[in-house]
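*Asks:* Attaching a single structure in structure tokens format; questions to follow.
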Amino acid sequence: MEDKSPLCNKTPAWQNCVHCPNLLFNTATEFESHIFEKHSHREGSIVLCQYGPNGICSALQFGDLRKAGFKYHVRQHHLFNTIGSDNWTFYSSSQNLPAVLNDPNRGKQSNFFTKTWGDSFADKVEIYPSPYLPEISLQHFESYCKKLAKRYRRHCQLKENVPVKSKTPVVETVCEVPSIFYEQSLALNDPKIFSQVFPGLLNSKDVNGTIRHLQETLSTYLDVIEMKISKQVAQKSDAFFHAMLSHDTIMEQMAKAVKTVQTTRRSIKNVKQNLTESPLQLVSLTKINHNLSNVHELFKLMATVQQTQPMLQLLLSTSDYVAALDLISSTQKVLSTRLSGIQAFRHLSPQLTEMKRLIHKMLNNEFSRFITSDLNRPIADESDLPDRDKITSIVSGILRLKELDFLEIFKTEAMTSIQTTIKQCVVEIISEREGGHEIVLRGSNTDTWLLCNEGIIFLQKVTPNIINLFKRILCLCDLILEVSKTNDITGIDCEEVWTQEELNSFEEKLKKIIVSLSDYSNERCANLIVTKNDKEYAFSDLSQLSKLSELIDIFSSECENITGHSSNAMKLALRSYAMKYIQNLHGERRALLTSSLNTERWKVADVPFELQSVINKICECQEIPYKIQYESGKPDSKFLIINKETYAVVATVQLLIKILLEYCDATKQSPDIVQYLVHCMLELIRLFNSRCCQLVLGAGAIQSAGLKTISTSNLALVSRSLQVILWLLPLIITHLEKLHSKELSLNGFKSIESDIAGHKKEIESKICKIVSGMLSSQLDGWDAKPPVPSQTFRNISKHLVKLHEALIDILPPDQIRRIYIAVHDSFKEKLREQLGKMNIVANGSPQHGVVTSELTFYLQTLKTLRIINETDSEDNILYDIWLN
């Protein structure tokens, strides 16, 4: 019999669209594209399906899908479903009642297969306890359980005696669900189980038809299961009637509550009429009485305010500025608060404000007058403030106004007093000049009038006057700070009271004024002392520079002790002038050294006794003396003696030593320019070192001094001169570190010492190279034949003797021996190479004997020159020749 049920007549869902009934799709792919383009909402990579009633897809579990899984969603939930009606049925629900009764703890099922596939197939929804509900334990239900125990036992007895009801048999559907769907686990990945669930799917030719048939069969199974669940629910109808009985009871209780509320309202109305209205009238009368009292007090306050202006006149006549300002402030506060809006006093507040401005102007004039008279007192008057109470009252009034423009008045008057004091000293100095010219001082033109010696006199005169003036200024500042901390300024609760932050700011401004006055005085004196014309105002010697530096230090230290601020204006000006003086001096010394180097013939020069006397004192003390004095009266010597060792030097080295000692003495006279003097010393030493290298090693002296050639004696003399500089450099460093250890950077001396030592080694290498070249040229024409000694070795011996004669009076023996050892090593290398070319070996042949005789003669010459000791064995020396 053919099945005519609707399940068998269903058409594929993809042929028609629920929202677009006029469209007909030929394939499922077209239906998928239509839903994706027309019935979905895209937000980035998230796609929200809207295919369903009211634009909402009932199959969505979490509200959105990724784009990659959208096609799977369409195929699973929309592609093969039947076209439903517009009316909502229980089939439209995503979670039906039988599924909830089956297992409420499970999450929303993705499809009907998961109902019987086991607990672990579908995700479970874990419901967390609410944080707003209290924790209920078993103890809360103990009384309830005891109460219902009797009812439960009675219920069990009645349940046993329930009469049996006759039930009409229900005709079950012929269709039965296969037993495989009731198993706990349904493993579709097993081919056997898959073939039982989807029979004929693998071998069917019409895949679409087979799929539709399977869909209809599975839908039929679902309907059967849901019918069985509905029957089970129908058996629980007794619980519904029990709920209806409870509803009637609640309605009766609500009717009783309504009657109770009506009775309560009638009682409240009686209480309002008898106990509330009469006390409220009493409260109103009390408030009226209070308002009348306030009006009376207000009239008395208005009478007091009317007496403000006469009281102000009385306070100002007694110079009680703080009380007058307090009266103005308190009156304005009353007018703005308690008396605001009263027309009779509408002009009083502006009048009081204008009077406050008048008081401010009056206080500034009084303060300016007092400052001028106090600072311009005679310098000899060392007393404190003459009228302390007067200035205290003035300052208190100004601070009470919180107007700080008086600080500018104070600063201006103080600068004027400093300028007047300085000009007075300048006038006294210029009036003592010879010639009796008329003196006209205008502005700051006097800055260029003081000569060098007059600057020293000016500092001696102006220092005590400026210090006395600063004492008076600081006395006034202390008084102002003392007044600012009184109760009149900080103890009244009003708008004009100074806060701690404002007091700190005010104190900082006073300190800045003192600092600016200190800088101003230093700058004015510096402009007078440091002049601009080098010819008329130059120092005659370094002693004047030292005296001026000492006076400037005294002036700066005195100002710093009084004001607490160290001003560097005078020190910087002196340093600038001293730098200019030292630059001129250094330019002359550098030109003199350069000229001496260019005309130097690099011969031994006699050492004056003046220079030798200073060197002797340095050797005795092992340091440069504090005061360098040159002695005379004895003849010159041929060599410079340092620590009982003779040094043959050129005249340029002697000049350089004198200049360096002069610069060391200048560091004591003017400590402010020590670093520049160090730079000058390093420059001269580098100049000497580099020019020596150019003139001697580079053979520049052949053109500059007219030398025929650069001999080994010239090279040795330069090396010995550089040794004198290397001896002097550590003494200069010690001298500078002892006097100025904190301010100096002496790294340049280490660098120049390394350069000189390297230059000295280059000179020794040059001497060795010259002699080795001569010996090598002799060996090129030598042949191991009699007679012995040959002319070649006789010439070699002559060259060695001449070298020794050139070096013996210049270099020390150790250095000469070191040079000869280097020449000897070079000679052995060349001889070994020559013997290799001649194929002569130590085999006892006649040629071997000739070579041994030649070397014996060569070694005898070295012994004569004391290069090799008499006790040294010749065999060891001769043996080295035959080694490869």
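Ordered as shown in the structure tokens, chains take letters A, B, and onward, while each chain numbers its residues from 1 and ligands are numbered from 1 in the order shown.
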Which neighbours of segment 844-850 of chain A fall inside 7 Å, counting only C-alpha atoms, when residues of the same chain fewer than 2 positions from it are skipped, and could you give them as a PyMOL selection string?
*Replies:* chain A and resi 784-786+788+840-842+852-854
*Asks:* Which value, in Å to one decimal, gives the distance between atom CA of Leu695 of chain A and atom CA of Ile770 of chain A?
*Replies:* 16.9 Å
